[in-house]
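Chemist: Would you mind keeping the following structure in view while I ask a few things?
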Amino acid sequence: MAAPRGETVPKPIQQDWVNREYIEVITVSIKKITDFLNSFDLSCRSKLAVLNEKLTTLERKIDYLEACVTKGETLT
Amino acid sequence: MAGTDRVSLSDALSNVDVLDELPLPDEQPCIEAQPCSVVYQANFDTNFEDRNGFVTGIAKYIEEATVHASLNELLEEGQEHAVMLYTWRCCSRAIPQPKSNEQPNRVEIYEKTVEVLAPEVNKLLNFMYFQKKAIERFFEEVKRLCHTEKRKDFVSEAYLLTLGKFINMFAVLDELKNMKSSVKNDYSTYRRAAQFLKVMSDSQTLQESQNLSMFLATQNKIRDAVKENLERISGYEELLADVVNICVHMFETKMYLTPSEKHMLVKVMGFGLFLMDSELCNINKLDQKKKLRLDRIDRIFKNLEVVPLFGDMQIAPFNYIKRSKHFDPSKWPLSSSNTPSPQADLMVHLPQIRDDHVKYISELARYSNEVTTTYKESGTDAENKETAELALRGLQLLSEWTSVVTELYSWKLLHPTDHHQNKECPQEAEEYERATRYNYSDEEKFALIEVIAMIKGLQVLMARMETVFTDAIRRNIYAELQDFVQIILREPLRKAIKNKKDLIRSIIMSVRETCADWQRGVEPTQDPALRGKKDDNGFNVKVPRRNVGPSSTQLYMVRTMLESLIADKSGGKRTLRKDIDGQYLMQIDQFHKTSFYWNYLLSFSESLQQCCDLSQLWYREFYLEMTMGRRINKCTVRHAHNEECNDLITMEKRIQFPIDMSMPWILTDHILKTKEPSMMEYVLYPLDLYNDSALYALTIFRKQFLYDEVEAEVNLCFDQFVYKLSEQIFAYYKQLAASIFLDKRFRVECAALGAYLLPYPRANRYETLLKQRHVQLLGRSIDLNKLITQRINTDMQKSLDLAISKFEGGDITGVMELEGLLQVNRLCHKLLSKWLALDDFDSMYREANHNVLAPYGRITLHVFWELNYDFLPNYVYNAATNRFTKYRGQIAFAGAVHRDKPPQMSHHYMWGSKQLNLAYTTQYGQYSGFVGPQHFHTMCKLLGYQGIAVVMEELLKIVKSLIQGNLLQFTKTLMEVMPKQCKLPRYDYGSPGVLSYYHAQLNDIVQYPDARTELFHNFREFGNIILFCLLMEQALSQEEVCDLLQAAPFQNILPRPFCKEGEKPETKQKRLEAKYAALQIVPNIEKLGTAKQSLISKEGDLLTRERLCCGLSIFEVVLNRLRTFLDDSVWVGPPPANGVMNVDECTEFHRLWSALQFVYCIPVSENEYTVEEMFGEGLHWAGCTMIVLLDQQRRFEALDFCYHILRVQRVDMKDEIVKGISLKRMVDRIRRFQVLNSQIFAILNKFLKSSENDELSVEHVRCFPPPVYPMNPQQHYHAPEHLRQC
């Protein structure tokens, strides 16, 4: 405890604060990227779901129309 | 982006910031728990690994940190062993046992047994050694702290708490070991096999095995060992009292965050007191010495009677007290009483929870709006402090609610219901069922769902704001810490230096050096405070601001060192407190209290998750273990039971509970069952419990089989969920549609009569659920909308199919109900289509009608079938009512009609509900007794042009076969028996004479047996067909007129405007046309569409316009077709001998019809059926039509027998009975039929002669030369050919 204080000893603590703040900045950024990815995921999912729904509807319509059309073929 | 480009940090950071600005809309309302595909949690807890970096701290606490680190490791290891024990599933039951010593493969069995169980047994060995090591370590620690010298020193809060955690660990491990009988069974199986194979050869292994066996077999082994060890230490009870007291203190001041920490505190109180109470020490005496406060603990134990021990294992902490040596019930008045604990009643907590929720949510919303609308680099210190407090308050609320839920669940598990308390609970219900399924009232289930929804809902909101919260939290903690260390601590430091209090000075200096972050990078050496002097002018400390919190070790060091300054419990030794001014003490104390929560706040994301963790609501290892042995499934095969049956019983032991006993499903199903609208939006929250459980299985338990079981249950439950949900959504919308469609007056009158009719279905919030396109469940994303769409599509299809099947199962009058059902389904489809992408209704309808591949649908075919087999032969037409009714006499003209029975169907496939079905069945029952215009209208709508055409074509075929078959045969036969000549008798004979003349002449016909039955029946069928065609066309025309009227505005056909005097109608008309120009299809399509579209629209327009204009008539065509069928000569007979017309000869059809008319005009006796009753007017229609088509109408009217009788009777007005016939009655009948005949003729002529104009008809008149006066007086008439010859 009697060691001379001031210039020499506290430096590592001081440096630690700086380092940890830097790490925190990176962490926060990664967190932001994660948040972005999650909301991007959700947004895409809902858009893709809508698209999928449209395609399914079209597909079913085509199935139906095909059935209607083949009726003519089988009869002739 | 080239990989080689260097991106600077600031660029990278600004890139990240830009991400925020990308709009990522998600169009569904959020009604599920936090959905995240990627979870990012940074963990900065170093477990004191970095302690050596803080050389400036007081060495003692750095040493203590080392102890903490190793104790924490032991605690972690203990947790792993607890998990191992809890998740232990009995292996030995699955292993075949050799049945006898002679069994040839028993060596192999034993070898495999050892091979399989060896790794498991190894875990048990490790566990035994671990507990030994842990107990020894705990003993060492306690011994060290209880050393008389050490007792004088202060023991930090953190240290005591860690000891408490140890006590908790021992309690948990001991209980788990006691409970798991399967562990012992497995070990004995292994031991038997190992001994047989002589695997354990050396004495050391044998001893080890013996020890393990003893360890596992002895109940309470760990507990007793701990207690034994402790009792060897003098004064241990004082340390334990400190531990218990700190737990009481922390519990009462809410110095904990997660529910598990809260429960740990209570367990430590119970188990700690149990450990203290011994031969040497009496806790009651400690209470008297105020070393303990039993009254406070009593209250805590009452409020929390049951706490979770591990998973679904519960413990009543008070039981430890009851088992202790000096238990004195009078010291524990609350816990000993029988009054129910508040823990058992969720309803008392609910209003407070709701209130807190609403308040907090609104505060959060306000704050969140503020954050999203205003951009700030960083808030002020005050703002950050406020935000951090908001975050902490949120976490505490969440933790509190989670505690309430888990505590209720725990209490219920330990207090299962039975069939006395709950009538719904069957007597043979098994243990787990009584603890879960039957143990909650409806109210409690709703309350649980609500609280779970609040927890999960708030978790989502808080997680969304995580970056904002953590930013504020770090800034706030940094600011508070640095301000405290650099500014507030200056004063006590100044004083300590001035007063030469070296110890205090060195502690404060250490605190400063451990964590101060100086503005200039170094401590300001010129600070007057360091010299114990007052501040000079101009000196002030500027504290920097950063966005980072202290490290975990740093925070521990600061807090512990400050605690040593303010501690007042170091036994006997003078404290440092009195050397510090009261106001600074207060500040230090306050800082110490506030900073307790900093660790939780700094790891916000982790804390948030732990506060909301409800995973244990699913785990049931304890109950499975208990049930394993008890569930008895007897051999159900009927035979003389033998040895093998016993094996069967073992095979059927319960491996997992059914979903009906599983809490997440119980809650989900409760919403689905009650269909409670206010709860419907919460339905996904209970399902989220599976997410919690699965996460726990993967991250804490780390057991694949548990995850698999959760997954299997989720698969089952989710299928059930979608099935039930879509069924009730469909039923709901069907009911809504049927209620809208239901006649309003009918509804009003029902209400007036007091008849019970369900009101409109209660509005429910299915829309929100229907909007869900991604639901997160066990890492899968589920498109709920799609799944429901698929099911409802099928339901819709089935509904239509059943509607048609129902029609097929009934007679032709069913068209009315069919049409109604189709309309309701169409409306239902329309309502649902707002949310779901269902197939086109018309396509569905055609598919159900089997009309996609085949040209004619089921409806058309059935209509025709019914016409052919039921309508034509059995129905009787009456023009007065314009209805056909069914002939109900005894004579059957056609075979009985067999129809397929309509399939049984649930209400929602019909009209939606039982009441609605009843209402509609009653309504449509009104239409079932007859076939009238309504039915024809409906048939027109349902059959369409194509259907009508085909039905008529088929009907014409029937007519053809009738005319050219039966009718022709009858005609030929009857023509034979007709008198060759039948004159019109003179008036002089008087009407009775004329009647008797005709009766004599026509006697053969009158007597002909088949005339009144078969022949008339054939004519009736023919007539019904004619009437059907006529009425169908009438209905069709009306439908078409409606169509045209509706189309008119789009075709620029506007009603003539009203004009006042002086106004020009043309200009007014022009103005109207201009006004509605936007409606006109053809010009608009021409202007805006492609050439092809315009062509199509023109053609459509033309078709609509011309449809009725050219005056085409189906009926006319039908009549003309009928005419072509009458090609046999028998209808017209040979050409008249006189070249003009037959007068007395009976060769033409109309003479036969006259004869038949004579037959049916003869009045019948009272008991006989009249022809009207039996055949209706179809008969007359058939006759008249044939006469008209044969151009014999005038001759018929002039020469008819009956008409002649009528004419004569009109003159003489006589009334006699002639040959048993009442003349008057006969004449009345004749008159009636004459009128009818002339009406029919008029209608027919209207159709047949419509195209002939007058000039043309003149040309058709054959001109005869003027008659020459008779040359041959004997001859009444002259043959024209003779005339010409003259």
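Ordering of the structure tokens sets the chain letters (A, B, ...), residue numbers begin anew at 1 in every chain, and ligands are numbered from 1 in the order given.
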Taking only C-alpha atoms into account, what are the residues of chain B at most 8 Å from chain A, put as number ranges by chain?
Modeler: B: 13, 16, 19-20, 24-28, 36-40, 42, 53-54, 56, 467, 506, 513-518, 521-523, 525, 546-548, 550, 773-774, 783, 786, 837-839, 843, 852-854
Chemist: List every residue of stretch 803-1049 of chain B that DSSP, applied to the backbone of this structure, places in helix (DSSP H, G or I), and write the result as a VMD selection string.
Modeler: chain B and resid 803 to 808 812 to 833 841 to 848 858 to 874 907 to 909 914 to 925 933 to 977 987 to 1001 1003 to 1007 1011 to 1049
Chemist: Find the residues around B:Met1213 up to 12 Å (only C-alpha atoms counted), leave out those fewer than 5 positions away in its own chain, and share them as a PyMOL selection string.
Modeler: chain B and resi 987+990-992+1205-1208+1223-1224+1227-1228
Chemist: Quick one: everything within 9 Å of stretch 614-625 of chain B, counting only C-alpha atoms, minus sequence neighbours fewer than 4 positions away in the same chain. Send it as a VMD selection string.
Modeler: chain B and resid 86 to 90 179 to 182 310 to 313 402 405 to 406 409 431 to 432 452 610 629 654 to 657 662 to 664 689 to 697 706 710
Chemist: Mind checking which residues fall within 9 Å of B:Asn439, counting only C-alpha atoms, ignoring those fewer than 4 positions away in the same chain, and posting them as a PyMOL selection string?
Modeler: chain B and resi 412-413+415-418+422+425+433-435
Chemist: Would you output that residue set with all heavy atoms, as a PDB file, in the first residue's frame?
Modeler:
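Result file part_15.pdb:
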ATOM      1  N   LYS B 412     -49.481 -25.998  -6.184  1.00  0.00           N
ATOM      2  CA  LYS B 412     -50.461 -26.944  -6.723  1.00  0.00           C
ATOM      3  C   LYS B 412     -49.850 -28.334  -6.856  1.00  0.00           C
ATOM      4  O   LYS B 412     -50.533 -29.333  -6.644  1.00  0.00           O
ATOM      5  CB  LYS B 412     -50.944 -26.473  -8.093  1.00  0.00           C
ATOM      6  CG  LYS B 412     -51.766 -25.208  -8.047  1.00  0.00           C
ATOM      7  CD  LYS B 412     -53.219 -25.523  -7.798  1.00  0.00           C
ATOM      8  CE  LYS B 412     -54.064 -24.258  -7.875  1.00  0.00           C
ATOM      9  NZ  LYS B 412     -55.433 -24.509  -7.460  1.00  0.00           N
ATOM     10  N   LEU B 413     -48.582 -28.394  -7.219  1.00  0.00           N
ATOM     11  CA  LEU B 413     -47.950 -29.706  -7.367  1.00  0.00           C
ATOM     12  C   LEU B 413     -47.897 -30.428  -6.030  1.00  0.00           C
ATOM     13  O   LEU B 413     -48.066 -31.641  -5.958  1.00  0.00           O
ATOM     14  CB  LEU B 413     -46.529 -29.555  -7.909  1.00  0.00           C
ATOM     15  CG  LEU B 413     -46.374 -29.382  -9.410  1.00  0.00           C
ATOM     16  CD1 LEU B 413     -44.904 -29.297  -9.778  1.00  0.00           C
ATOM     17  CD2 LEU B 413     -47.009 -30.520 -10.190  1.00  0.00           C
ATOM     18  N   HIS B 415     -49.964 -29.875  -3.602  1.00  0.00           N
ATOM     19  CA  HIS B 415     -51.323 -30.047  -3.071  1.00  0.00           C
ATOM     20  C   HIS B 415     -52.253 -30.531  -4.173  1.00  0.00           C
ATOM     21  O   HIS B 415     -53.090 -29.769  -4.662  1.00  0.00           O
ATOM     22  CB  HIS B 415     -51.853 -28.717  -2.516  1.00  0.00           C
ATOM     23  CG  HIS B 415     -51.054 -28.202  -1.366  1.00  0.00           C
ATOM     24  ND1 HIS B 415     -49.886 -27.511  -1.535  1.00  0.00           N
ATOM     25  CD2 HIS B 415     -51.246 -28.298  -0.042  1.00  0.00           C
ATOM     26  CE1 HIS B 415     -49.390 -27.178  -0.347  1.00  0.00           C
ATOM     27  NE2 HIS B 415     -50.187 -27.652   0.575  1.00  0.00           N
ATOM     28  N   PRO B 416     -52.114 -31.767  -4.585  1.00  0.00           N
ATOM     29  CA  PRO B 416     -52.978 -32.264  -5.668  1.00  0.00           C
ATOM     30  C   PRO B 416     -54.428 -32.353  -5.208  1.00  0.00           C
ATOM     31  O   PRO B 416     -54.706 -32.494  -4.011  1.00  0.00           O
ATOM     32  CB  PRO B 416     -52.415 -33.641  -5.983  1.00  0.00           C
ATOM     33  CG  PRO B 416     -51.622 -34.022  -4.795  1.00  0.00           C
ATOM     34  CD  PRO B 416     -51.173 -32.776  -4.136  1.00  0.00           C
ATOM     35  N   THR B 417     -55.316 -32.242  -6.150  1.00  0.00           N
ATOM     36  CA  THR B 417     -56.734 -32.316  -5.831  1.00  0.00           C
ATOM     37  C   THR B 417     -57.163 -33.786  -5.803  1.00  0.00           C
ATOM     38  O   THR B 417     -56.355 -34.684  -6.037  1.00  0.00           O
ATOM     39  CB  THR B 417     -57.546 -31.529  -6.875  1.00  0.00           C
ATOM     40  OG1 THR B 417     -58.901 -31.506  -6.479  1.00  0.00           O
ATOM     41  CG2 THR B 417     -57.449 -32.176  -8.234  1.00  0.00           C
ATOM     42  N   ASP B 418     -58.402 -34.028  -5.492  1.00  0.00           N
ATOM     43  CA  ASP B 418     -58.944 -35.382  -5.591  1.00  0.00           C
ATOM     44  C   ASP B 418     -60.419 -35.274  -5.936  1.00  0.00           C
ATOM     45  O   ASP B 418     -60.947 -34.177  -6.106  1.00  0.00           O
ATOM     46  CB  ASP B 418     -58.726 -36.174  -4.301  1.00  0.00           C
ATOM     47  CG  ASP B 418     -59.266 -35.437  -3.098  1.00  0.00           C
ATOM     48  OD1 ASP B 418     -60.338 -34.809  -3.241  1.00  0.00           O
ATOM     49  OD2 ASP B 418     -58.630 -35.466  -2.030  1.00  0.00           O
ATOM     50  N   ASN B 422     -62.714 -31.799  -6.324  1.00  0.00           N
ATOM     51  CA  ASN B 422     -63.072 -31.438  -7.681  1.00  0.00           C
ATOM     52  C   ASN B 422     -63.920 -32.554  -8.269  1.00  0.00           C
ATOM     53  O   ASN B 422     -63.461 -33.668  -8.458  1.00  0.00           O
ATOM     54  CB  ASN B 422     -61.791 -31.241  -8.510  1.00  0.00           C
ATOM     55  CG  ASN B 422     -62.094 -30.778  -9.918  1.00  0.00           C
ATOM     56  OD1 ASN B 422     -63.263 -30.666 -10.304  1.00  0.00           O
ATOM     57  ND2 ASN B 422     -61.058 -30.515 -10.687  1.00  0.00           N
ATOM     58  N   CYS B 425     -62.801 -34.492 -11.314  1.00  0.00           N
ATOM     59  CA  CYS B 425     -61.640 -35.369 -11.216  1.00  0.00           C
ATOM     60  C   CYS B 425     -62.111 -36.798 -10.962  1.00  0.00           C
ATOM     61  O   CYS B 425     -62.754 -37.075  -9.958  1.00  0.00           O
ATOM     62  CB  CYS B 425     -60.750 -34.892 -10.069  1.00  0.00           C
ATOM     63  SG  CYS B 425     -59.323 -35.912  -9.807  1.00  0.00           S
ATOM     64  N   GLU B 433     -51.981 -36.036 -12.948  1.00  0.00           N
ATOM     65  CA  GLU B 433     -53.230 -35.463 -13.421  1.00  0.00           C
ATOM     66  C   GLU B 433     -53.899 -34.659 -12.304  1.00  0.00           C
ATOM     67  O   GLU B 433     -54.456 -33.594 -12.527  1.00  0.00           O
ATOM     68  CB  GLU B 433     -54.155 -36.613 -13.779  1.00  0.00           C
ATOM     69  CG  GLU B 433     -54.730 -36.562 -15.124  1.00  0.00           C
ATOM     70  CD  GLU B 433     -55.542 -37.817 -15.423  1.00  0.00           C
ATOM     71  OE1 GLU B 433     -55.367 -38.852 -14.750  1.00  0.00           O
ATOM     72  OE2 GLU B 433     -56.349 -37.741 -16.325  1.00  0.00           O
ATOM     73  N   ARG B 434     -53.842 -35.214 -11.103  1.00  0.00           N
ATOM     74  CA  ARG B 434     -54.470 -34.531  -9.971  1.00  0.00           C
ATOM     75  C   ARG B 434     -53.695 -33.275  -9.597  1.00  0.00           C
ATOM     76  O   ARG B 434     -54.243 -32.325  -9.052  1.00  0.00           O
ATOM     77  CB  ARG B 434     -54.576 -35.482  -8.775  1.00  0.00           C
ATOM     78  CG  ARG B 434     -55.523 -36.635  -9.073  1.00  0.00           C
ATOM     79  CD  ARG B 434     -56.014 -37.331  -7.834  1.00  0.00           C
ATOM     80  NE  ARG B 434     -54.996 -38.185  -7.238  1.00  0.00           N
ATOM     81  CZ  ARG B 434     -54.487 -37.986  -6.032  1.00  0.00           C
ATOM     82  NH1 ARG B 434     -54.895 -36.974  -5.301  1.00  0.00           N
ATOM     83  NH2 ARG B 434     -53.581 -38.801  -5.553  1.00  0.00           N
ATOM     84  N   ALA B 435     -52.402 -33.280  -9.926  1.00  0.00           N
ATOM     85  CA  ALA B 435     -51.591 -32.102  -9.607  1.00  0.00           C
ATOM     86  C   ALA B 435     -51.713 -31.022 -10.683  1.00  0.00           C
ATOM     87  O   ALA B 435     -51.495 -29.849 -10.403  1.00  0.00           O
ATOM     88  CB  ALA B 435     -50.136 -32.507  -9.444  1.00  0.00           C
TER      89      ALA B 435
END
Chemist: Which value, in Å to one decimal, gives the distance between atom CA of B:Ile1025 and atom CA of B:Arg883?
Modeler: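 Computing the Euclidean distance for atom CA of B:Ile1025 and atom CA of B:Arg883 yields 13.9 Å.
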Chemist: Just give me the gap between atom CA of B:Ala241 and atom CA of B:Glu63 in Å, one decimal is fine.
Modeler: 23.9 Å
